[in-house]
file model14.cif (mmCIF, C-alpha atoms)
data_input
loop_
_atom_site.label_atom_id
_atom_site.label_comp_id
_atom_site.auth_asym_id
_atom_site.auth_seq_id
_atom_site.Cartn_x
_atom_site.Cartn_y
_atom_site.Cartn_z
CA MET S 237 90.65 -54.89 -25.32
CA SER S 238 90.83 -51.19 -26.16
CA ARG S 239 87.57 -49.32 -25.93
CA PHE S 240 88.79 -46.99 -28.67
CA ALA S 241 88.16 -47.71 -32.33
CA PRO S 242 91.03 -47.61 -34.83
CA LEU S 243 91.81 -44.40 -36.73
CA PRO S 244 92.11 -45.33 -40.41
CA GLU S 245 92.86 -42.70 -43.01
CA PRO S 246 89.70 -40.60 -43.61
CA PRO S 247 87.26 -40.44 -45.21
CA TYR S 248 85.20 -43.17 -43.59
CA TRP S 249 81.76 -43.30 -41.93
CA ALA S 250 80.50 -42.84 -38.39
CA VAL S 251 77.06 -43.85 -37.12
CA ILE S 252 76.31 -41.87 -33.96
CA PHE S 253 73.58 -43.57 -31.92
CA THR S 254 72.42 -41.74 -28.79
CA ALA S 255 69.77 -43.50 -26.72
CA GLN S 256 67.98 -43.08 -23.44
CA GLN S 257 67.09 -46.40 -21.85
CA SER S 258 63.55 -46.91 -20.66
CA ASP S 259 62.75 -48.47 -17.28
CA ASP S 260 62.35 -51.88 -18.94
CA THR S 261 65.88 -53.15 -19.53
CA GLU S 262 65.04 -56.87 -19.29
CA GLY S 263 67.10 -58.73 -21.87
CA TYR S 264 68.97 -55.63 -22.96
CA GLY S 265 72.46 -56.49 -21.73
CA ALA S 266 72.60 -59.90 -23.37
CA MET S 267 71.31 -58.56 -26.68
CA ALA S 268 73.69 -55.59 -26.61
CA ASP S 269 76.66 -57.91 -26.18
CA VAL S 270 75.54 -60.18 -29.04
CA ILE S 271 74.84 -57.29 -31.39
CA ALA S 272 78.09 -55.48 -30.63
CA ALA S 273 80.09 -58.63 -31.31
CA ARG S 274 78.13 -59.25 -34.49
CA ALA S 275 78.65 -55.68 -35.74
CA LEU S 276 82.40 -56.02 -35.30
CA GLU S 277 82.36 -59.16 -37.48
CA GLN S 278 80.66 -57.41 -40.40
CA PRO S 279 82.65 -56.65 -43.55
CA GLY S 280 83.67 -53.01 -43.50
CA CYS S 281 83.23 -52.45 -39.77
CA ILE S 282 86.23 -50.50 -38.50
CA GLY S 283 85.29 -50.53 -34.83
CA MET S 284 82.89 -49.26 -32.19
CA GLU S 285 82.98 -47.04 -29.11
CA THR S 286 80.23 -47.20 -26.52
CA THR S 287 79.49 -45.84 -23.07
CA ARG S 288 76.43 -45.27 -20.87
CA ASP S 289 76.01 -43.42 -17.61
CA GLY S 290 74.03 -44.31 -14.50
CA ALA S 291 71.02 -42.36 -15.76
CA GLY S 292 70.79 -44.65 -18.79
CA LEU S 293 71.98 -42.24 -21.48
CA GLY S 294 74.18 -44.14 -23.90
CA ILE S 295 76.22 -43.06 -26.89
CA THR S 296 77.51 -45.69 -29.30
CA VAL S 297 79.52 -44.72 -32.35
CA SER S 298 80.28 -47.38 -34.94
CA TYR S 299 82.71 -46.76 -37.79
CA TRP S 300 82.47 -48.15 -41.31
CA ASP S 301 84.67 -48.06 -44.35
CA SER S 302 81.81 -47.51 -46.82
CA GLU S 303 78.17 -46.54 -46.96
CA ALA S 304 77.40 -49.94 -48.44
CA ALA S 305 78.84 -51.61 -45.33
CA LEU S 306 76.76 -49.58 -42.89
CA LEU S 307 73.60 -50.05 -44.95
CA ALA S 308 74.18 -53.81 -45.03
CA TRP S 309 74.50 -53.78 -41.24
CA LYS S 310 71.29 -51.78 -40.89
CA ALA S 311 69.51 -54.56 -42.81
CA ASP S 312 71.15 -57.49 -40.99
CA ALA S 313 68.44 -59.90 -39.81
CA LYS S 314 69.58 -60.25 -36.20
CA HIS S 315 70.21 -56.53 -36.01
CA LEU S 316 66.66 -55.89 -37.25
CA VAL S 317 65.31 -57.95 -34.35
CA ALA S 318 67.40 -55.91 -31.91
CA GLN S 319 66.27 -52.63 -33.52
CA SER S 320 62.67 -53.69 -33.14
CA MET S 321 63.11 -54.56 -29.45
CA GLY S 322 64.88 -51.26 -28.87
CA LYS S 323 61.95 -49.36 -30.37
CA ASP S 324 59.27 -51.35 -28.60
CA LYS S 325 60.85 -51.87 -25.21
CA TRP S 326 64.34 -50.70 -24.30
CA TYR S 327 64.56 -47.07 -25.43
CA SER S 328 62.40 -44.14 -24.47
CA HIS S 329 64.13 -42.00 -27.09
CA TYR S 330 67.01 -42.31 -29.54
CA THR S 331 68.65 -40.47 -32.40
CA LEU S 332 70.88 -41.87 -35.11
CA ARG S 333 73.09 -39.76 -37.35
CA VAL S 334 75.21 -40.94 -40.26
CA ALA S 335 78.30 -38.81 -40.77
CA LYS S 336 81.41 -38.85 -42.94
CA VAL S 337 84.63 -38.54 -40.92
CA GLU S 338 86.91 -36.02 -42.59
CA ARG S 339 89.78 -35.59 -40.12
CA GLN S 340 90.92 -36.76 -36.71
CA TYR S 341 93.60 -36.71 -34.09
CA SER S 342 94.42 -38.48 -30.85
CA GLY S 343 96.46 -37.83 -27.74
CA PRO S 344 98.10 -37.20 -25.42
CA GLU S 345 101.21 -37.81 -27.51
CA GLY S 346 103.16 -40.82 -26.35
CA ARG S 347 100.36 -42.35 -24.32
CA MET H 237 66.80 -30.09 -20.08
CA SER H 238 66.99 -32.68 -22.83
CA ARG H 239 70.24 -34.55 -23.10
CA PHE H 240 69.65 -34.91 -26.83
CA ALA H 241 70.89 -32.31 -29.29
CA PRO H 242 68.51 -30.85 -31.91
CA LEU H 243 68.26 -32.41 -35.35
CA PRO H 244 68.57 -29.58 -37.88
CA GLU H 245 68.44 -30.29 -41.58
CA PRO H 246 71.76 -31.88 -42.68
CA PRO H 247 74.46 -31.24 -43.64
CA TYR H 248 76.04 -29.99 -40.44
CA TRP H 249 79.11 -31.00 -38.43
CA ALA H 250 79.76 -33.39 -35.57
CA VAL H 251 82.86 -33.46 -33.37
CA ILE H 252 83.15 -36.88 -31.76
CA PHE H 253 85.38 -36.76 -28.70
CA THR H 254 86.07 -40.07 -26.96
CA ALA H 255 88.21 -39.91 -23.83
CA GLN H 256 89.40 -42.18 -21.07
CA GLN H 257 89.82 -40.35 -17.78
CA SER H 258 93.07 -40.78 -15.90
CA ASP H 259 93.16 -41.41 -12.16
CA ASP H 260 93.66 -37.68 -11.54
CA THR H 261 90.24 -36.10 -11.93
CA GLU H 262 90.82 -33.18 -9.53
CA GLY H 263 89.14 -30.10 -10.96
CA TYR H 264 87.67 -31.97 -13.89
CA GLY H 265 83.98 -31.75 -13.02
CA ALA H 266 83.94 -28.00 -12.49
CA MET H 267 85.87 -27.35 -15.70
CA ALA H 268 83.69 -29.73 -17.71
CA ASP H 269 80.57 -27.87 -16.61
CA VAL H 270 82.05 -24.47 -17.49
CA ILE H 271 83.30 -25.61 -20.88
CA ALA H 272 80.07 -27.35 -21.83
CA ALA H 273 78.04 -24.24 -20.98
CA ARG H 274 80.50 -22.06 -22.87
CA ALA H 275 80.40 -24.31 -25.96
CA LEU H 276 76.63 -24.06 -26.09
CA GLU H 277 76.88 -20.26 -26.12
CA GLN H 278 79.16 -20.18 -29.16
CA PRO H 279 77.80 -18.96 -32.48
CA GLY H 280 77.01 -21.95 -34.65
CA CYS H 281 76.80 -24.51 -31.84
CA ILE H 282 73.72 -26.67 -32.43
CA GLY H 283 74.00 -28.73 -29.25
CA MET H 284 75.94 -31.38 -27.40
CA GLU H 285 75.44 -34.92 -26.13
CA THR H 286 77.69 -36.38 -23.46
CA THR H 287 77.87 -39.47 -21.27
CA ARG H 288 80.53 -41.32 -19.27
CA ASP H 289 80.47 -44.69 -17.57
CA GLY H 290 81.80 -45.78 -14.20
CA ALA H 291 85.10 -46.88 -15.76
CA GLY H 292 85.73 -43.30 -16.92
CA LEU H 293 85.16 -43.75 -20.64
CA GLY H 294 83.33 -40.70 -21.96
CA ILE H 295 81.90 -39.83 -25.35
CA THR H 296 80.93 -36.23 -26.07
CA VAL H 297 79.54 -35.24 -29.44
CA SER H 298 79.12 -31.54 -30.22
CA TYR H 299 77.25 -30.37 -33.30
CA TRP H 300 78.05 -27.26 -35.35
CA ASP H 301 76.43 -25.54 -38.28
CA SER H 302 79.70 -24.79 -40.09
CA GLU H 303 83.36 -25.73 -40.08
CA ALA H 304 84.19 -22.11 -39.25
CA ALA H 305 82.14 -22.37 -36.06
CA LEU H 306 83.86 -25.52 -34.83
CA LEU H 307 87.30 -24.16 -35.69
CA ALA H 308 86.55 -20.96 -33.77
CA TRP H 309 85.55 -23.06 -30.76
CA LYS H 310 88.76 -25.11 -31.02
CA ALA H 311 90.70 -21.82 -30.73
CA ASP H 312 88.60 -20.30 -27.91
CA ALA H 313 90.93 -19.10 -25.13
CA LYS H 314 89.15 -20.78 -22.21
CA HIS H 315 88.70 -23.93 -24.23
CA LEU H 316 92.45 -23.96 -24.97
CA VAL H 317 93.15 -23.94 -21.23
CA ALA H 318 90.78 -26.87 -20.75
CA GLN H 319 92.34 -28.75 -23.67
CA SER H 320 95.77 -28.29 -22.12
CA MET H 321 94.63 -29.58 -18.74
CA GLY H 322 92.96 -32.53 -20.42
CA LYS H 323 96.21 -33.45 -22.16
CA ASP H 324 98.43 -32.93 -19.13
CA LYS H 325 96.25 -34.30 -16.38
CA TRP H 326 92.73 -35.58 -16.90
CA TYR H 327 92.89 -37.96 -19.87
CA SER H 328 95.01 -41.04 -20.34
CA HIS H 329 93.89 -41.26 -23.96
CA TYR H 330 91.48 -39.50 -26.30
CA THR H 331 90.48 -39.33 -29.93
CA LEU H 332 88.68 -36.55 -31.75
CA ARG H 333 87.02 -36.94 -35.13
CA VAL H 334 85.39 -34.23 -37.21
CA ALA H 335 82.55 -35.54 -39.36
CA LYS H 336 79.88 -34.15 -41.64
CA VAL H 337 76.38 -35.35 -40.76
CA GLU H 338 74.57 -36.40 -43.91
CA ARG H 339 71.34 -37.95 -42.66
CA GLN H 340 69.56 -38.82 -39.43
CA TYR H 341 66.46 -40.15 -37.80
CA SER H 342 64.99 -40.45 -34.33
CA GLY H 343 62.46 -42.60 -32.53
CA PRO H 344 60.49 -44.32 -31.29
CA GLU H 345 57.79 -42.51 -33.23
CA GLY H 346 55.57 -40.45 -31.01
CA ARG H 347 57.84 -40.48 -27.98
#
call {"tool": "encode", "arguments": {"input": "model14.cif", "output": "C-alpha coordinates"}}
result
Amino acid sequence: MSRFAPLPEPPYWAVIFTAQQSDDTEGYGAMADVIAARALEQPGCIGMETTRDGAGLGITVSYWDSEAALLAWKADAKHLVAQSMGKDKWYSHYTLRVAKVERQYSGPEGR
Amino acid sequence: MSRFAPLPEPPYWAVIFTAQQSDDTEGYGAMADVIAARALEQPGCIGMETTRDGAGLGITVSYWDSEAALLAWKADAKHLVAQSMGKDKWYSHYTLRVAKVERQYSGPEGR
(Lines of atoms letter the chains of each structure in order from A and count residues from 1; the text may use other names and numbers.)
(Lines give C-alpha, C1' and ligand atoms only; values in the text may rest on other atoms or scores of the structure.)
Protein backbone atom coordinates (compact mmCIF):
# COMPACT_ATOMS: atom_id res chain seq x y z
CA MET A 1 0.00 0.00 0.00
CA SER A 2 1.32 3.44 -0.89
CA ARG A 3 2.33 5.60 2.03
CA PHE A 4 1.39 8.66 0.00
CA ALA A 5 -2.11 10.12 0.08
CA PRO A 6 -3.96 10.86 -3.16
CA LEU A 7 -3.75 14.32 -4.75
CA PRO A 8 -7.31 15.39 -5.55
CA GLU A 9 -8.00 18.75 -7.13
CA PRO A 10 -7.56 21.50 -4.49
CA PRO A 11 -8.97 23.01 -2.42
CA TYR A 12 -9.23 20.38 0.29
CA TRP A 13 -8.14 20.19 3.93
CA ALA A 14 -5.01 19.00 5.71
CA VAL A 15 -4.72 18.28 9.44
CA ILE A 16 -1.05 18.44 10.41
CA PHE A 17 -0.45 16.59 13.69
CA THR A 18 3.09 16.74 15.09
CA ALA A 19 3.69 14.80 18.30
CA GLN A 20 6.55 13.85 20.55
CA GLN A 21 6.01 10.48 22.20
CA SER A 22 6.50 10.24 25.93
CA ASP A 23 8.42 7.38 27.54
CA ASP A 24 5.16 5.52 28.17
CA THR A 25 4.20 3.98 24.83
CA GLU A 26 2.32 0.98 26.26
CA GLY A 27 -0.72 0.33 24.09
CA TYR A 28 0.18 3.03 21.61
CA GLY A 29 0.96 0.90 18.57
CA ALA A 30 -2.26 -1.09 18.66
CA MET A 31 -4.38 2.03 19.13
CA ALA A 32 -2.55 3.90 16.37
CA ASP A 33 -3.27 1.10 13.92
CA VAL A 34 -6.96 0.97 14.85
CA ILE A 35 -7.40 4.73 14.68
CA ALA A 36 -5.57 5.10 11.37
CA ALA A 37 -7.73 2.40 9.79
CA ARG A 38 -10.85 3.99 11.23
CA ALA A 39 -9.91 7.46 9.96
CA LEU A 40 -9.49 6.11 6.44
CA GLU A 41 -13.03 4.67 6.58
CA GLN A 42 -14.62 8.01 7.46
CA PRO A 43 -16.71 9.83 4.85
CA GLY A 44 -14.62 12.57 3.31
CA CYS A 45 -11.22 11.19 4.30
CA ILE A 46 -8.91 11.46 1.31
CA GLY A 47 -5.92 9.74 2.87
CA MET A 48 -3.18 9.95 5.46
CA GLU A 49 0.62 10.16 5.58
CA THR A 50 2.52 9.30 8.73
CA THR A 51 6.09 8.80 9.85
CA ARG A 52 8.05 8.80 13.12
CA ASP A 53 11.75 8.73 13.82
CA GLY A 54 13.74 6.82 16.42
CA ALA A 55 13.55 9.76 18.83
CA GLY A 56 9.76 9.50 18.87
CA LEU A 57 8.90 12.62 16.87
CA GLY A 58 5.98 11.82 14.60
CA ILE A 59 4.21 13.81 11.92
CA THR A 60 0.84 12.60 10.66
CA VAL A 61 -1.05 14.53 8.02
CA SER A 62 -4.61 13.52 7.24
CA TYR A 63 -6.50 14.97 4.27
CA TRP A 64 -10.21 15.71 4.11
CA ASP A 65 -12.57 16.87 1.41
CA SER A 66 -14.52 19.25 3.68
CA GLU A 67 -14.34 20.93 7.05
CA ALA A 68 -17.48 19.08 8.06
CA ALA A 69 -15.70 15.77 7.47
CA LEU A 70 -12.69 16.63 9.60
CA LEU A 71 -14.87 18.03 12.39
CA ALA A 72 -16.95 14.84 12.39
CA TRP A 73 -13.74 12.82 12.74
CA LYS A 74 -12.57 15.01 15.61
CA ALA A 75 -15.80 14.12 17.43
CA ASP A 76 -15.78 10.39 16.61
CA ALA A 77 -16.28 8.40 19.82
CA LYS A 78 -13.37 5.98 19.40
CA HIS A 79 -11.15 8.80 18.25
CA LEU A 80 -12.06 10.77 21.38
CA VAL A 81 -10.84 7.87 23.53
CA ALA A 82 -7.56 7.81 21.61
CA GLN A 83 -7.19 11.60 21.91
CA SER A 84 -7.68 11.34 25.65
CA MET A 85 -5.05 8.61 26.00
CA GLY A 86 -2.65 10.62 23.87
CA LYS A 87 -3.06 13.63 26.17
CA ASP A 88 -2.83 11.67 29.38
CA LYS A 89 -0.18 9.12 28.52
CA TRP A 90 1.44 8.84 25.11
CA TYR A 91 2.49 12.36 24.14
CA SER A 92 4.76 14.76 25.95
CA HIS A 93 3.84 17.50 23.48
CA TYR A 94 1.81 17.88 20.30
CA THR A 95 0.53 20.50 17.92
CA LEU A 96 -2.36 20.26 15.49
CA ARG A 97 -2.94 22.67 12.63
CA VAL A 98 -5.88 22.73 10.24
CA ALA A 99 -4.94 24.06 6.81
CA LYS A 100 -6.58 24.45 3.41
CA VAL A 101 -4.52 22.94 0.59
CA GLU A 102 -4.39 25.37 -2.31
CA ARG A 103 -1.91 23.80 -4.74
CA GLN A 104 0.38 20.80 -5.06
CA TYR A 105 2.77 18.87 -7.22
CA SER A 106 4.56 15.54 -7.17
CA GLY A 107 7.65 14.01 -8.70
CA PRO A 108 10.03 12.95 -9.99
CA GLU A 109 8.16 12.83 -13.29
CA GLY A 110 7.61 9.32 -14.52
CA ARG A 111 8.29 7.62 -11.20
CA MET B 1 16.36 23.06 20.28
CA SER B 2 12.67 22.32 20.01
CA ARG B 3 11.63 20.18 17.10
CA PHE B 4 8.28 21.97 17.06
CA ALA B 5 7.72 25.11 15.03
CA PRO B 6 6.17 28.21 16.65
CA LEU B 7 2.43 28.77 16.54
CA PRO B 8 1.88 32.35 15.36
CA GLU B 9 -1.61 33.72 14.94
CA PRO B 10 -3.18 32.24 11.77
CA PRO B 11 -3.46 32.66 8.87
CA TYR B 12 0.00 31.66 7.70
CA TRP B 13 1.33 29.09 5.23
CA ALA B 14 2.45 25.49 5.47
CA VAL B 15 4.45 23.60 2.85
CA ILE B 16 3.94 19.87 3.38
CA PHE B 17 6.72 17.88 1.73
CA THR B 18 6.41 14.09 1.88
CA ALA B 19 9.25 12.12 0.32
CA GLN B 20 10.40 8.54 0.00
CA GLN B 21 14.18 8.25 -0.11
CA SER B 22 15.72 6.18 -2.88
CA ASP B 23 18.51 3.69 -2.22
CA ASP B 24 21.09 6.33 -3.17
CA THR B 25 21.41 8.61 -0.16
CA GLU B 26 25.04 9.63 -0.75
CA GLY B 27 25.42 13.29 0.15
CA TYR B 28 21.85 13.61 1.37
CA GLY B 29 22.47 14.17 5.07
CA ALA B 30 24.95 16.99 4.62
CA MET B 31 22.75 18.76 2.08
CA ALA B 32 19.62 18.33 4.22
CA ASP B 33 21.36 19.99 7.16
CA VAL B 34 22.58 22.92 5.04
CA ILE B 35 19.20 23.46 3.40
CA ALA B 36 17.25 23.26 6.65
CA ALA B 37 19.52 25.83 8.28
CA ARG B 38 19.29 28.06 5.23
CA ALA B 39 15.48 27.83 5.13
CA LEU B 40 15.26 28.95 8.73
CA GLU B 41 17.33 32.04 7.90
CA GLN B 42 14.97 33.18 5.14
CA PRO B 43 12.77 36.22 5.68
CA GLY B 44 9.28 35.05 6.54
CA CYS B 45 10.22 31.54 7.63
CA ILE B 46 8.35 30.75 10.85
CA GLY B 47 9.91 27.34 11.46
CA MET B 48 10.14 23.76 10.30
CA GLU B 49 9.23 20.29 11.56
CA THR B 50 10.81 17.20 10.07
CA THR B 51 10.97 13.47 10.75
CA ARG B 52 11.80 10.31 8.81
CA ASP B 53 11.38 6.66 9.69
CA GLY B 54 13.69 3.71 9.15
CA ALA B 55 12.00 2.87 5.84
CA GLY B 56 13.02 6.28 4.47
CA LEU B 57 9.63 7.98 4.44
CA GLY B 58 10.07 11.58 5.52
CA ILE B 59 7.62 14.38 6.18
CA THR B 60 8.92 17.95 6.43
CA VAL B 61 6.55 20.83 7.04
CA SER B 62 7.89 24.37 6.74
CA TYR B 63 5.84 27.37 7.84
CA TRP B 64 5.87 30.81 6.22
CA ASP B 65 4.25 34.12 7.02
CA SER B 66 3.36 34.94 3.40
CA GLU B 67 3.09 33.34 -0.01
CA ALA B 68 5.81 35.71 -1.23
CA ALA B 69 8.20 34.29 1.37
CA LEU B 70 7.62 30.67 0.40
CA LEU B 71 7.86 31.46 -3.31
CA ALA B 72 11.17 33.27 -2.73
CA TRP B 73 12.48 30.20 -0.91
CA LYS B 74 11.35 27.93 -3.76
CA ALA B 75 13.51 30.04 -6.11
CA ASP B 76 16.56 30.31 -3.81
CA ALA B 77 19.68 29.33 -5.77
CA LYS B 78 21.10 26.82 -3.27
CA HIS B 79 17.66 25.38 -2.69
CA LEU B 80 17.27 24.90 -6.46
CA VAL B 81 20.45 22.81 -6.49
CA ALA B 82 19.10 20.68 -3.65
CA GLN B 83 15.74 20.30 -5.39
CA SER B 84 17.50 19.10 -8.52
CA MET B 85 19.55 16.53 -6.62
CA GLY B 86 16.43 15.35 -4.84
CA LYS B 87 14.68 14.77 -8.17
CA ASP B 88 17.64 13.13 -9.87
CA LYS B 89 19.06 11.06 -7.05
CA TRP B 90 17.69 11.06 -3.53
CA TYR B 91 13.92 10.62 -3.84
CA SER B 92 11.99 7.84 -5.50
CA HIS B 93 8.77 9.80 -5.01
CA TYR B 94 7.62 13.00 -3.36
CA THR B 95 4.62 15.25 -3.04
CA LEU B 96 4.50 18.90 -2.04
CA ARG B 97 1.35 20.71 -0.96
CA VAL B 98 0.98 24.39 -0.16
CA ALA B 99 -1.71 25.06 2.42
CA LYS B 100 -3.03 28.00 4.40
CA VAL B 101 -3.17 27.34 8.15
CA GLU B 102 -6.49 28.52 9.51
CA ARG B 103 -6.50 27.31 13.12
CA GLN B 104 -4.39 25.32 15.55
CA TYR B 105 -3.96 24.07 19.05
CA SER B 106 -1.31 22.35 21.14
CA GLY B 107 -1.14 20.21 24.24
CA PRO B 108 -1.17 18.58 26.64
CA GLU B 109 -1.98 21.70 28.64
CA GLY B 110 0.85 22.74 30.88
CA ARG B 111 3.52 20.62 29.21
call {"tool": "atom_distance", "arguments": {"input": "model14.cif", "atom1": "CA of Glu262 in chain S", "atom2": "CA of Cys281 in chain S"}}
result
27.7 Å
call {"tool": "resolve_selection", "arguments": {"input": "model14.cif", "expression": "the PyMOL selection byres ((chain S) within 7 of (chain H))", "output": "list in words"}}
result
Thr287, Arg288, Asp289, Leu293, Gly294, Ile295, Lys323, Ser328, His329, Tyr330, Thr331, Leu332, Arg333, Val334, Ala335, Lys336, Val337, Glu338, Arg339, Gln340, Tyr341, Ser342, Gly343, Pro344 and Arg347 of chain S
call {"tool": "atom_distance", "arguments": {"input": "model14.cif", "atom1": "CA of Ala311 in chain H", "atom2": "CA of Thr261 in chain H"}}
result
23.6 Å
call {"tool": "closest_residue", "arguments": {"input": "model14.cif", "among": "H:Ala318, H:Pro244, H:Ala275, H:Gly263", "to": "Ala305 in chain H", "atoms": "all atoms listed in the file"}}
result
H:Ala275
call {"tool": "closest_residue", "arguments": {"input": "model14.cif", "among": "H:Met284, H:Gln278, H:Trp326, H:Met267", "to": "Leu307 in chain H", "atoms": "all atoms listed in the file"}}
result
H:Gln278
call {"tool": "closest_residue", "arguments": {"input": "model14.cif", "among": "S:Met321, S:Leu276, S:Leu316, S:Ala266", "to": "Trp300 in chain S", "atoms": "only C-alpha atoms"}}
result
S:Leu276
call {"tool": "atom_distance", "arguments": {"input": "model14.cif", "atom1": "CA of Ile282 in chain H", "atom2": "CA of Gln257 in chain H"}}
result
25.7 Å
